[in-house]
Amino acid sequence: MSDRIPLMAGNWKMNLNHLEAIAHVQKLAFGLADKDYEAVEVAVLPPFIDLRSVQTLVDGDKLKIKYGAQDISAHDSGAYTGEISGPMLAKLRCAYAVVGHSERRQYHDETDELCNAKVKAAFRNDLTPILCVGEGLDVRKAGNQVAHTLAQVDGGLKDVPAEQAETIVIAYEPVWAIGTGEVATPEDAQEVCGAIRGRLAELYGQEGADKVRIQYGGSVKSGNVAAIMAKPDVDGALIGGASLDADEFVKIVRFRDQ
Ligand SMILES: O=C(CO)COP(=O)(O)O
């Protein structure tokens with residue numbers, strides 16, 4: 001039995017403006033208010049421009065919902081037009097910063113080296129990185145999903161000390177399952193999440209590895225979340241499309257009722 005608290009995080013991607021964000025978080029708060037969900041941590045990951053609005057709402061209404069950014073600059077300040085820094089996110093009391101989402105690896109050519117710098121930037125600013133890893137369809141078809149994903153874990157965590165590494169969140173998101181409706185089976189998810197924990201144990205010892213929360217992401221919905229969460233090395237989900245529907249996201253958070 002692990003005492004890891006599941007983390008259900010909604011990655012809104014490039015959806016919902018700051019007014020829609022407020023309405024959406026209010027709906028989530030309402031949907032989660034009538035039942036104790038203490039045993040699950042809930043986070044939203046809105047676009048940067050929504051974060052101030054979300055912070056104001058969460059602070060004002062003392063909501064338990066956490067929030068974070070979908071990306072973070074590797075640099076803390078300077079001439080990096082268009083980037084958002086760790087100190088800026090920390091000032092907004094963000095809890096999390098997503099690093100290395102497959103859409104950023106794919107469309108913005110983010111390498112493991114850059115992801116590693118972003119992981120360090122997050123830790124430097126007291127933000128918890130959610131490091132995304134996972135294989136594409138060609139790698140899966142060749143049966144190389146474990147080796148591919150562990151190489152991304154190694155790259156993202158290079159030179160990260162154990163006391164930081166054991167607080168990270170790792171999201172296993174097979175690219176072929178993202179936004180496709182093609183959810184990995186619970187066994188697929190467990191195979192790679194278990195291998196990730198095994199690698200963390202090699203790097204940081206079993207005790208450290210047992211503290212790390214490993215999420216699954218890719219077409220998670222209320223109808224499939226419970227079976228995935230039943231796997232021993234899956235400690236939460238990173239939810240894209242389904243997180244944009246407040247009622248559906250609330251059902252996912254309450255996966256134990258499904
Ligand atoms: O990329 C994802 C979350 O980061 C998953 O997206 P979907 O839930 O829309 O498949």
# chains A, B, ... in the order shown; residues from 1 in each chain; ligands from 1

$ residues_around --residues "Leu92 of chain A" --least-positions-apart "3" --cutoff "9 Å" --atoms "only C-alpha atoms" --output "ChimeraX atom specification"
/A:51-52,55,87-89

$ write_last_selection --atoms "N, CA and C atoms" --output "mmCIF file, in the first residue's frame"
data_model
loop_
_atom_site.group_PDB
_atom_site.id
_atom_site.type_symbol
_atom_site.label_atom_id
_atom_site.label_comp_id
_atom_site.auth_asym_id
_atom_site.auth_seq_id
_atom_site.Cartn_x
_atom_site.Cartn_y
_atom_site.Cartn_z
ATOM 1 N N LEU A 51 -3.859 32.466 -15.517
ATOM 2 C CA LEU A 51 -3.392 32.085 -14.178
ATOM 3 C C LEU A 51 -3.734 33.122 -13.107
ATOM 4 N N ARG A 52 -3.627 34.402 -13.461
ATOM 5 C CA ARG A 52 -3.926 35.448 -12.461
ATOM 6 C C ARG A 52 -5.404 35.381 -12.045
ATOM 7 N N GLN A 55 -5.844 32.359 -9.828
ATOM 8 C CA GLN A 55 -5.257 32.613 -8.508
ATOM 9 C C GLN A 55 -6.195 33.472 -7.654
ATOM 10 N N PRO A 87 10.109 32.439 -11.510
ATOM 11 C CA PRO A 87 9.750 33.423 -10.475
ATOM 12 C C PRO A 87 8.364 34.038 -10.703
ATOM 13 N N MET A 88 8.000 34.265 -11.978
ATOM 14 C CA MET A 88 6.661 34.823 -12.262
ATOM 15 C C MET A 88 5.569 33.833 -11.834
ATOM 16 N N LEU A 89 5.781 32.563 -12.130
ATOM 17 C CA LEU A 89 4.786 31.538 -11.783
ATOM 18 C C LEU A 89 4.724 31.346 -10.272
#

$ select_by_dssp --residues "segment 182-256 of chain A" --states "strand (DSSP E)" --output "list in words"
Arg213, Ile214, Gln215, Tyr216, Gly217, Gly236, Ala237, Leu238 and Ile239 of chain A

$ write_last_selection --atoms "N, CA and C atoms" --output "mmCIF file, in the first residue's frame"
data_model
loop_
_atom_site.group_PDB
_atom_site.id
_atom_site.type_symbol
_atom_site.label_atom_id
_atom_site.label_comp_id
_atom_site.auth_asym_id
_atom_site.auth_seq_id
_atom_site.Cartn_x
_atom_site.Cartn_y
_atom_site.Cartn_z
ATOM 1 N N ARG A 213 4.937 10.565 -7.544
ATOM 2 C CA ARG A 213 3.637 10.265 -8.153
ATOM 3 C C ARG A 213 3.797 10.166 -9.667
ATOM 4 N N ILE A 214 3.284 9.081 -10.200
ATOM 5 C CA ILE A 214 3.359 8.829 -11.638
ATOM 6 C C ILE A 214 1.931 8.820 -12.180
ATOM 7 N N GLN A 215 1.689 9.747 -13.102
ATOM 8 C CA GLN A 215 0.347 9.843 -13.693
ATOM 9 C C GLN A 215 0.313 9.129 -15.038
ATOM 10 N N TYR A 216 -0.904 8.752 -15.417
ATOM 11 C CA TYR A 216 -1.134 8.306 -16.792
ATOM 12 C C TYR A 216 -1.922 9.407 -17.503
ATOM 13 N N GLY A 217 -1.624 9.643 -18.755
ATOM 14 C CA GLY A 217 -2.399 10.600 -19.551
ATOM 15 C C GLY A 217 -2.608 10.092 -20.955
ATOM 16 N N GLY A 236 -2.422 8.845 -10.526
ATOM 17 C CA GLY A 236 -3.207 10.000 -10.938
ATOM 18 C C GLY A 236 -3.292 10.046 -12.445
ATOM 19 N N ALA A 237 -3.926 11.101 -12.936
ATOM 20 C CA ALA A 237 -4.081 11.239 -14.380
ATOM 21 C C ALA A 237 -3.854 12.677 -14.794
ATOM 22 N N LEU A 238 -3.346 12.809 -16.009
ATOM 23 C CA LEU A 238 -3.228 14.119 -16.654
ATOM 24 C C LEU A 238 -4.265 14.096 -17.768
ATOM 25 N N ILE A 239 -5.232 14.976 -17.641
ATOM 26 C CA ILE A 239 -6.427 14.875 -18.471
ATOM 27 C C ILE A 239 -6.522 16.079 -19.394
#

$ residues_near_ligand --ligand "ligand 1" --cutoff "9 Å" --atoms "only C-alpha atoms and all ligand atoms" --output "PyMOL selection string"
chain A and resi 9-13+70+98+101-103+132+171+173-183+216-221+237-243

$ residues_around --residues "segment 38-49 of chain A" --least-positions-apart "5" --cutoff "8 Å" --atoms "only C-alpha atoms" --output "list in words"
Ile5, Pro6, Leu7, Met8, Ala9, Gly10, Asn11, Trp12, Lys13, Met14, Asn15, Leu16, Asn17, His18, Ala21, Lys64, Ile65, Lys66, Tyr67, Gly68, Ala69, Gln70 and Val253 of chain A

$ write_last_selection --atoms "C-alpha atoms" --output "PDB file, in the first residue's frame"
ATOM      1  CA  ILE A   5      -2.103  11.010  -2.765  1.00  0.00           C
ATOM      2  CA  PRO A   6      -3.534  10.720  -6.286  1.00  0.00           C
ATOM      3  CA  LEU A   7      -3.151  13.823  -8.427  1.00  0.00           C
ATOM      4  CA  MET A   8      -5.849  14.562 -10.987  1.00  0.00           C
ATOM      5  CA  ALA A   9      -4.674  17.421 -13.173  1.00  0.00           C
ATOM      6  CA  GLY A  10      -6.584  19.027 -16.024  1.00  0.00           C
ATOM      7  CA  ASN A  11      -4.367  20.211 -18.867  1.00  0.00           C
ATOM      8  CA  TRP A  12      -6.557  22.708 -20.676  1.00  0.00           C
ATOM      9  CA  LYS A  13      -3.999  23.119 -23.479  1.00  0.00           C
ATOM     10  CA  MET A  14      -4.884  26.185 -25.607  1.00  0.00           C
ATOM     11  CA  ASN A  15      -8.510  26.380 -24.479  1.00  0.00           C
ATOM     12  CA  LEU A  16     -10.570  28.740 -22.269  1.00  0.00           C
ATOM     13  CA  ASN A  17      -9.861  32.472 -22.007  1.00  0.00           C
ATOM     14  CA  HIS A  18      -9.548  34.140 -18.600  1.00  0.00           C
ATOM     15  CA  ALA A  21     -11.406  29.997 -16.835  1.00  0.00           C
ATOM     16  CA  LYS A  64      -8.536  23.597  -2.415  1.00  0.00           C
ATOM     17  CA  ILE A  65      -8.004  23.365  -6.161  1.00  0.00           C
ATOM     18  CA  LYS A  66      -4.357  23.813  -7.108  1.00  0.00           C
ATOM     19  CA  TYR A  67      -3.124  25.282 -10.346  1.00  0.00           C
ATOM     20  CA  GLY A  68      -0.038  25.406 -12.452  1.00  0.00           C
ATOM     21  CA  ALA A  69       1.411  26.326 -15.835  1.00  0.00           C
ATOM     22  CA  GLN A  70       1.674  24.269 -19.000  1.00  0.00           C
ATOM     23  CA  VAL A 253     -11.708  13.255  -9.653  1.00  0.00           C
TER      24      VAL A 253
END

$ atom_distance --atom1 "atom CA of Val160 of chain A" --atom2 "atom CA of Tyr172 of chain A"
19.1 Å

$ closest_residue --among "A:Asp76, A:Asp112, A:Asp71, A:Glu20" --to "Val99 of chain A" --atoms "only C-alpha atoms"
A:Asp71

$ select_by_dssp --residues "segment 94-195 of chain A" --states "alpha helix (DSSP H)" --output "PyMOL selection string"
chain A and resi 102-107+112-124+137-141+145-156+162-165+186-195

$ write_last_selection --atoms "N, CA and C atoms" --output "compact mmCIF listing (two decimals), in the first residue's frame"
# COMPACT_ATOMS: atom_id res chain seq x y z
N SER A 102 4.28 16.25 -24.78
CA SER A 102 4.63 15.75 -26.12
C SER A 102 4.31 16.77 -27.20
N GLU A 103 3.30 17.63 -26.95
CA GLU A 103 2.99 18.64 -27.97
C GLU A 103 4.10 19.68 -28.06
N ARG A 104 4.77 19.94 -26.96
CA ARG A 104 5.92 20.86 -27.00
C ARG A 104 7.15 20.16 -27.57
N ARG A 105 7.30 18.89 -27.26
CA ARG A 105 8.43 18.16 -27.85
C ARG A 105 8.25 18.11 -29.37
N GLN A 106 6.99 17.90 -29.80
CA GLN A 106 6.72 17.72 -31.22
C GLN A 106 6.70 19.04 -32.01
N TYR A 107 5.95 20.03 -31.48
CA TYR A 107 5.76 21.26 -32.27
C TYR A 107 6.80 22.33 -31.97
N ASP A 112 15.28 16.52 -24.57
CA ASP A 112 15.45 16.11 -23.17
C ASP A 112 16.35 17.09 -22.42
N GLU A 113 17.33 17.64 -23.12
CA GLU A 113 18.26 18.59 -22.49
C GLU A 113 17.51 19.85 -22.03
N LEU A 114 16.63 20.36 -22.92
CA LEU A 114 15.86 21.54 -22.55
C LEU A 114 14.88 21.19 -21.43
N CYS A 115 14.26 20.03 -21.52
CA CYS A 115 13.34 19.60 -20.46
C CYS A 115 14.06 19.53 -19.12
N ASN A 116 15.27 19.04 -19.14
CA ASN A 116 16.09 18.96 -17.93
C ASN A 116 16.32 20.37 -17.35
N ALA A 117 16.62 21.33 -18.22
CA ALA A 117 16.83 22.71 -17.74
C ALA A 117 15.53 23.28 -17.17
N LYS A 118 14.40 22.90 -17.77
CA LYS A 118 13.11 23.40 -17.28
C LYS A 118 12.73 22.75 -15.95
N VAL A 119 13.03 21.47 -15.82
CA VAL A 119 12.80 20.78 -14.53
C VAL A 119 13.59 21.50 -13.43
N LYS A 120 14.83 21.82 -13.74
CA LYS A 120 15.67 22.51 -12.74
C LYS A 120 15.14 23.92 -12.45
N ALA A 121 14.66 24.60 -13.49
CA ALA A 121 14.08 25.94 -13.29
C ALA A 121 12.87 25.86 -12.37
N ALA A 122 12.05 24.84 -12.56
CA ALA A 122 10.87 24.68 -11.70
C ALA A 122 11.32 24.46 -10.25
N PHE A 123 12.22 23.52 -10.03
CA PHE A 123 12.68 23.24 -8.66
C PHE A 123 13.32 24.48 -8.02
N ARG A 124 14.09 25.20 -8.83
CA ARG A 124 14.79 26.40 -8.33
C ARG A 124 13.78 27.41 -7.78
N LEU A 137 3.64 6.24 -31.78
CA LEU A 137 3.07 4.98 -32.27
C LEU A 137 4.13 4.06 -32.87
N ASP A 138 5.10 4.65 -33.60
CA ASP A 138 6.13 3.81 -34.24
C ASP A 138 6.96 3.07 -33.19
N VAL A 139 7.28 3.78 -32.12
CA VAL A 139 8.06 3.16 -31.04
C VAL A 139 7.24 2.07 -30.37
N ARG A 140 5.97 2.34 -30.13
CA ARG A 140 5.09 1.34 -29.51
C ARG A 140 5.00 0.09 -30.40
N LYS A 141 4.82 0.33 -31.71
CA LYS A 141 4.69 -0.82 -32.63
C LYS A 141 5.95 -1.67 -32.64
N GLN A 145 8.62 0.80 -26.13
CA GLN A 145 8.05 1.88 -25.29
C GLN A 145 8.77 2.07 -23.97
N VAL A 146 9.21 1.00 -23.35
CA VAL A 146 9.85 1.14 -22.03
C VAL A 146 11.21 1.83 -22.17
N ALA A 147 12.05 1.32 -23.08
CA ALA A 147 13.39 1.92 -23.24
C ALA A 147 13.29 3.39 -23.64
N HIS A 148 12.37 3.68 -24.56
CA HIS A 148 12.20 5.05 -25.05
C HIS A 148 11.80 5.98 -23.90
N THR A 149 10.84 5.53 -23.11
CA THR A 149 10.31 6.39 -22.04
C THR A 149 11.34 6.55 -20.92
N LEU A 150 12.05 5.48 -20.60
CA LEU A 150 13.06 5.60 -19.54
C LEU A 150 14.20 6.52 -19.95
N ALA A 151 14.51 6.56 -21.24
CA ALA A 151 15.55 7.49 -21.70
C ALA A 151 15.09 8.93 -21.48
N GLN A 152 13.79 9.18 -21.68
CA GLN A 152 13.26 10.53 -21.43
C GLN A 152 13.30 10.86 -19.93
N VAL A 153 13.02 9.87 -19.10
CA VAL A 153 13.10 10.07 -17.64
C VAL A 153 14.55 10.41 -17.25
N ASP A 154 15.48 9.62 -17.75
CA ASP A 154 16.91 9.86 -17.45
C ASP A 154 17.31 11.27 -17.89
N GLY A 155 16.91 11.63 -19.11
CA GLY A 155 17.28 12.94 -19.65
C GLY A 155 16.69 14.08 -18.85
N GLY A 156 15.43 13.95 -18.49
CA GLY A 156 14.74 15.02 -17.76
C GLY A 156 15.28 15.20 -16.35
N ALA A 162 18.45 13.82 -5.31
CA ALA A 162 17.39 12.92 -4.84
C ALA A 162 16.30 13.66 -4.08
N GLU A 163 16.68 14.61 -3.22
CA GLU A 163 15.65 15.27 -2.40
C GLU A 163 14.66 16.07 -3.25
N GLN A 164 15.11 16.51 -4.43
CA GLN A 164 14.17 17.16 -5.35
C GLN A 164 13.43 16.11 -6.17
N ALA A 165 14.18 15.16 -6.68
CA ALA A 165 13.58 14.17 -7.59
C ALA A 165 12.41 13.44 -6.94
N PRO A 186 -5.15 -0.56 -19.05
CA PRO A 186 -4.53 -0.42 -17.72
C PRO A 186 -3.21 -1.18 -17.64
N GLU A 187 -3.10 -2.29 -18.35
CA GLU A 187 -1.86 -3.08 -18.34
C GLU A 187 -0.75 -2.32 -19.07
N ASP A 188 -1.10 -1.68 -20.19
CA ASP A 188 -0.10 -0.85 -20.91
C ASP A 188 0.43 0.24 -19.98
N ALA A 189 -0.51 0.89 -19.29
CA ALA A 189 -0.12 2.00 -18.40
C ALA A 189 0.77 1.49 -17.27
N GLN A 190 0.37 0.37 -16.68
CA GLN A 190 1.15 -0.19 -15.56
C GLN A 190 2.54 -0.62 -16.02
N GLU A 191 2.62 -1.21 -17.21
CA GLU A 191 3.93 -1.69 -17.68
C GLU A 191 4.95 -0.54 -17.65
N VAL A 192 4.56 0.60 -18.22
CA VAL A 192 5.54 1.68 -18.33
C VAL A 192 5.65 2.45 -17.01
N CYS A 193 4.54 2.67 -16.32
CA CYS A 193 4.62 3.39 -15.03
C CYS A 193 5.45 2.58 -14.03
N GLY A 194 5.28 1.26 -14.05
CA GLY A 194 6.08 0.40 -13.16
C GLY A 194 7.56 0.47 -13.52
N ALA A 195 7.84 0.50 -14.82
CA ALA A 195 9.24 0.59 -15.26
C ALA A 195 9.84 1.94 -14.86

$ atom_distance --atom1 "atom CA of Phe30 of chain A" --atom2 "atom CA of Asp245 of chain A"
13.4 Å

$ atom_distance --atom1 "atom CA of Asp59 of chain A" --atom2 "atom CA of Ala90 of chain A"
14.4 Å

$ decode --residues "segment 39-79 of chain A" --atoms "N, CA and C atoms" --output "PDB file, in the first residue's frame"
ATOM      1  N   ALA A  39      -8.908  13.118  -0.242  1.00  0.00           N
ATOM      2  CA  ALA A  39      -7.971  12.045  -0.553  1.00  0.00           C
ATOM      3  C   ALA A  39      -7.454  12.119  -1.976  1.00  0.00           C
ATOM      4  N   VAL A  40      -7.929  13.097  -2.741  1.00  0.00           N
ATOM      5  CA  VAL A  40      -7.441  13.297  -4.108  1.00  0.00           C
ATOM      6  C   VAL A  40      -7.020  14.757  -4.252  1.00  0.00           C
ATOM      7  N   GLU A  41      -5.859  14.978  -4.835  1.00  0.00           N
ATOM      8  CA  GLU A  41      -5.431  16.344  -5.103  1.00  0.00           C
ATOM      9  C   GLU A  41      -5.914  16.729  -6.503  1.00  0.00           C
ATOM     10  N   VAL A  42      -6.482  17.910  -6.609  1.00  0.00           N
ATOM     11  CA  VAL A  42      -7.049  18.365  -7.881  1.00  0.00           C
ATOM     12  C   VAL A  42      -6.276  19.595  -8.344  1.00  0.00           C
ATOM     13  N   ALA A  43      -5.870  19.582  -9.594  1.00  0.00           N
ATOM     14  CA  ALA A  43      -5.156  20.741 -10.133  1.00  0.00           C
ATOM     15  C   ALA A  43      -5.659  21.065 -11.528  1.00  0.00           C
ATOM     16  N   VAL A  44      -5.613  22.359 -11.848  1.00  0.00           N
ATOM     17  CA  VAL A  44      -5.887  22.783 -13.223  1.00  0.00           C
ATOM     18  C   VAL A  44      -4.631  23.430 -13.791  1.00  0.00           C
ATOM     19  N   LEU A  45      -4.455  23.242 -15.073  1.00  0.00           N
ATOM     20  CA  LEU A  45      -3.269  23.745 -15.772  1.00  0.00           C
ATOM     21  C   LEU A  45      -3.739  24.594 -16.953  1.00  0.00           C
ATOM     22  N   PRO A  46      -4.108  25.833 -16.675  1.00  0.00           N
ATOM     23  CA  PRO A  46      -4.669  26.693 -17.717  1.00  0.00           C
ATOM     24  C   PRO A  46      -3.568  27.361 -18.549  1.00  0.00           C
ATOM     25  N   PRO A  47      -3.962  28.020 -19.639  1.00  0.00           N
ATOM     26  CA  PRO A  47      -2.998  28.857 -20.359  1.00  0.00           C
ATOM     27  C   PRO A  47      -2.448  29.954 -19.427  1.00  0.00           C
ATOM     28  N   PHE A  48      -1.243  30.424 -19.713  1.00  0.00           N
ATOM     29  CA  PHE A  48      -0.605  31.431 -18.857  1.00  0.00           C
ATOM     30  C   PHE A  48      -1.523  32.608 -18.537  1.00  0.00           C
ATOM     31  N   ILE A  49      -2.201  33.114 -19.564  1.00  0.00           N
ATOM     32  CA  ILE A  49      -2.965  34.350 -19.358  1.00  0.00           C
ATOM     33  C   ILE A  49      -4.153  34.165 -18.404  1.00  0.00           C
ATOM     34  N   ASP A  50      -4.507  32.939 -18.104  1.00  0.00           N
ATOM     35  CA  ASP A  50      -5.623  32.684 -17.178  1.00  0.00           C
ATOM     36  C   ASP A  50      -5.162  32.597 -15.726  1.00  0.00           C
ATOM     37  N   LEU A  51      -3.859  32.466 -15.517  1.00  0.00           N
ATOM     38  CA  LEU A  51      -3.392  32.085 -14.178  1.00  0.00           C
ATOM     39  C   LEU A  51      -3.734  33.122 -13.107  1.00  0.00           C
ATOM     40  N   ARG A  52      -3.627  34.402 -13.461  1.00  0.00           N
ATOM     41  CA  ARG A  52      -3.926  35.448 -12.461  1.00  0.00           C
ATOM     42  C   ARG A  52      -5.404  35.381 -12.045  1.00  0.00           C
ATOM     43  N   SER A  53      -6.275  35.148 -13.023  1.00  0.00           N
ATOM     44  CA  SER A  53      -7.702  35.046 -12.708  1.00  0.00           C
ATOM     45  C   SER A  53      -7.978  33.841 -11.823  1.00  0.00           C
ATOM     46  N   VAL A  54      -7.345  32.730 -12.139  1.00  0.00           N
ATOM     47  CA  VAL A  54      -7.541  31.512 -11.343  1.00  0.00           C
ATOM     48  C   VAL A  54      -7.003  31.725  -9.928  1.00  0.00           C
ATOM     49  N   GLN A  55      -5.844  32.359  -9.828  1.00  0.00           N
ATOM     50  CA  GLN A  55      -5.257  32.613  -8.508  1.00  0.00           C
ATOM     51  C   GLN A  55      -6.195  33.472  -7.654  1.00  0.00           C
ATOM     52  N   THR A  56      -6.744  34.503  -8.252  1.00  0.00           N
ATOM     53  CA  THR A  56      -7.621  35.412  -7.514  1.00  0.00           C
ATOM     54  C   THR A  56      -8.853  34.673  -7.003  1.00  0.00           C
ATOM     55  N   LEU A  57      -9.406  33.820  -7.854  1.00  0.00           N
ATOM     56  CA  LEU A  57     -10.589  33.043  -7.472  1.00  0.00           C
ATOM     57  C   LEU A  57     -10.256  32.034  -6.367  1.00  0.00           C
ATOM     58  N   VAL A  58      -9.173  31.305  -6.549  1.00  0.00           N
ATOM     59  CA  VAL A  58      -8.784  30.289  -5.572  1.00  0.00           C
ATOM     60  C   VAL A  58      -8.494  30.938  -4.218  1.00  0.00           C
ATOM     61  N   ASP A  59      -7.766  32.060  -4.243  1.00  0.00           N
ATOM     62  CA  ASP A  59      -7.449  32.768  -2.991  1.00  0.00           C
ATOM     63  C   ASP A  59      -8.715  33.315  -2.339  1.00  0.00           C
ATOM     64  N   GLY A  60      -9.530  33.993  -3.149  1.00  0.00           N
ATOM     65  CA  GLY A  60     -10.714  34.681  -2.621  1.00  0.00           C
ATOM     66  C   GLY A  60     -11.695  33.715  -1.998  1.00  0.00           C
ATOM     67  N   ASP A  61     -11.892  32.583  -2.654  1.00  0.00           N
ATOM     68  CA  ASP A  61     -12.889  31.618  -2.165  1.00  0.00           C
ATOM     69  C   ASP A  61     -12.244  30.487  -1.362  1.00  0.00           C
ATOM     70  N   LYS A  62     -10.938  30.617  -1.118  1.00  0.00           N
ATOM     71  CA  LYS A  62     -10.195  29.599  -0.352  1.00  0.00           C
ATOM     72  C   LYS A  62     -10.461  28.189  -0.879  1.00  0.00           C
ATOM     73  N   LEU A  63     -10.337  28.052  -2.189  1.00  0.00           N
ATOM     74  CA  LEU A  63     -10.575  26.747  -2.813  1.00  0.00           C
ATOM     75  C   LEU A  63      -9.372  25.843  -2.601  1.00  0.00           C
ATOM     76  N   LYS A  64      -9.639  24.550  -2.588  1.00  0.00           N
ATOM     77  CA  LYS A  64      -8.536  23.597  -2.415  1.00  0.00           C
ATOM     78  C   LYS A  64      -7.924  23.206  -3.754  1.00  0.00           C
ATOM     79  N   ILE A  65      -8.521  23.698  -4.834  1.00  0.00           N
ATOM     80  CA  ILE A  65      -8.004  23.365  -6.161  1.00  0.00           C
ATOM     81  C   ILE A  65      -6.640  24.029  -6.348  1.00  0.00           C
ATOM     82  N   LYS A  66      -5.678  23.257  -6.818  1.00  0.00           N
ATOM     83  CA  LYS A  66      -4.357  23.813  -7.108  1.00  0.00           C
ATOM     84  C   LYS A  66      -4.279  24.160  -8.585  1.00  0.00           C
ATOM     85  N   TYR A  67      -3.254  24.901  -8.941  1.00  0.00           N
ATOM     86  CA  TYR A  67      -3.124  25.282 -10.346  1.00  0.00           C
ATOM     87  C   TYR A  67      -1.647  25.396 -10.700  1.00  0.00           C
ATOM     88  N   GLY A  68      -1.414  25.321 -11.990  1.00  0.00           N
ATOM     89  CA  GLY A  68      -0.038  25.406 -12.452  1.00  0.00           C
ATOM     90  C   GLY A  68      -0.005  25.783 -13.918  1.00  0.00           C
ATOM     91  N   ALA A  69       1.214  25.883 -14.456  1.00  0.00           N
ATOM     92  CA  ALA A  69       1.411  26.326 -15.835  1.00  0.00           C
ATOM     93  C   ALA A  69       1.697  25.136 -16.739  1.00  0.00           C
ATOM     94  N   GLN A  70       1.458  25.348 -18.028  1.00  0.00           N
ATOM     95  CA  GLN A  70       1.674  24.269 -19.000  1.00  0.00           C
ATOM     96  C   GLN A  70       3.106  24.205 -19.505  1.00  0.00           C
ATOM     97  N   ASP A  71       3.887  25.200 -19.094  1.00  0.00           N
ATOM     98  CA  ASP A  71       5.280  25.273 -19.543  1.00  0.00           C
ATOM     99  C   ASP A  71       5.994  26.256 -18.620  1.00  0.00           C
ATOM    100  N   ILE A  72       7.299  26.305 -18.693  1.00  0.00           N
ATOM    101  CA  ILE A  72       8.104  27.230 -17.883  1.00  0.00           C
ATOM    102  C   ILE A  72       9.390  27.499 -18.659  1.00  0.00           C
ATOM    103  N   SER A  73       9.873  28.720 -18.587  1.00  0.00           N
ATOM    104  CA  SER A  73      11.161  29.002 -19.233  1.00  0.00           C
ATOM    105  C   SER A  73      12.285  28.327 -18.460  1.00  0.00           C
ATOM    106  N   ALA A  74      13.335  27.973 -19.166  1.00  0.00           N
ATOM    107  CA  ALA A  74      14.531  27.441 -18.498  1.00  0.00           C
ATOM    108  C   ALA A  74      15.282  28.551 -17.767  1.00  0.00           C
ATOM    109  N   HIS A  75      14.957  29.806 -18.117  1.00  0.00           N
ATOM    110  CA  HIS A  75      15.673  30.962 -17.547  1.00  0.00           C
ATOM    111  C   HIS A  75      14.787  31.678 -16.531  1.00  0.00           C
ATOM    112  N   ASP A  76      15.407  32.329 -15.565  1.00  0.00           N
ATOM    113  CA  ASP A  76      14.614  33.021 -14.539  1.00  0.00           C
ATOM    114  C   ASP A  76      14.249  34.451 -14.925  1.00  0.00           C
ATOM    115  N   SER A  77      15.005  35.070 -15.834  1.00  0.00           N
ATOM    116  CA  SER A  77      14.664  36.416 -16.314  1.00  0.00           C
ATOM    117  C   SER A  77      15.550  36.709 -17.514  1.00  0.00           C
ATOM    118  N   GLY A  78      15.257  37.792 -18.201  1.00  0.00           N
ATOM    119  CA  GLY A  78      16.151  38.215 -19.272  1.00  0.00           C
ATOM    120  C   GLY A  78      15.462  38.376 -20.607  1.00  0.00           C
ATOM    121  N   ALA A  79      16.271  38.488 -21.642  1.00  0.00           N
ATOM    122  CA  ALA A  79      15.783  38.795 -22.987  1.00  0.00           C
ATOM    123  C   ALA A  79      15.333  37.505 -23.678  1.00  0.00           C
TER     124      ALA A  79
END
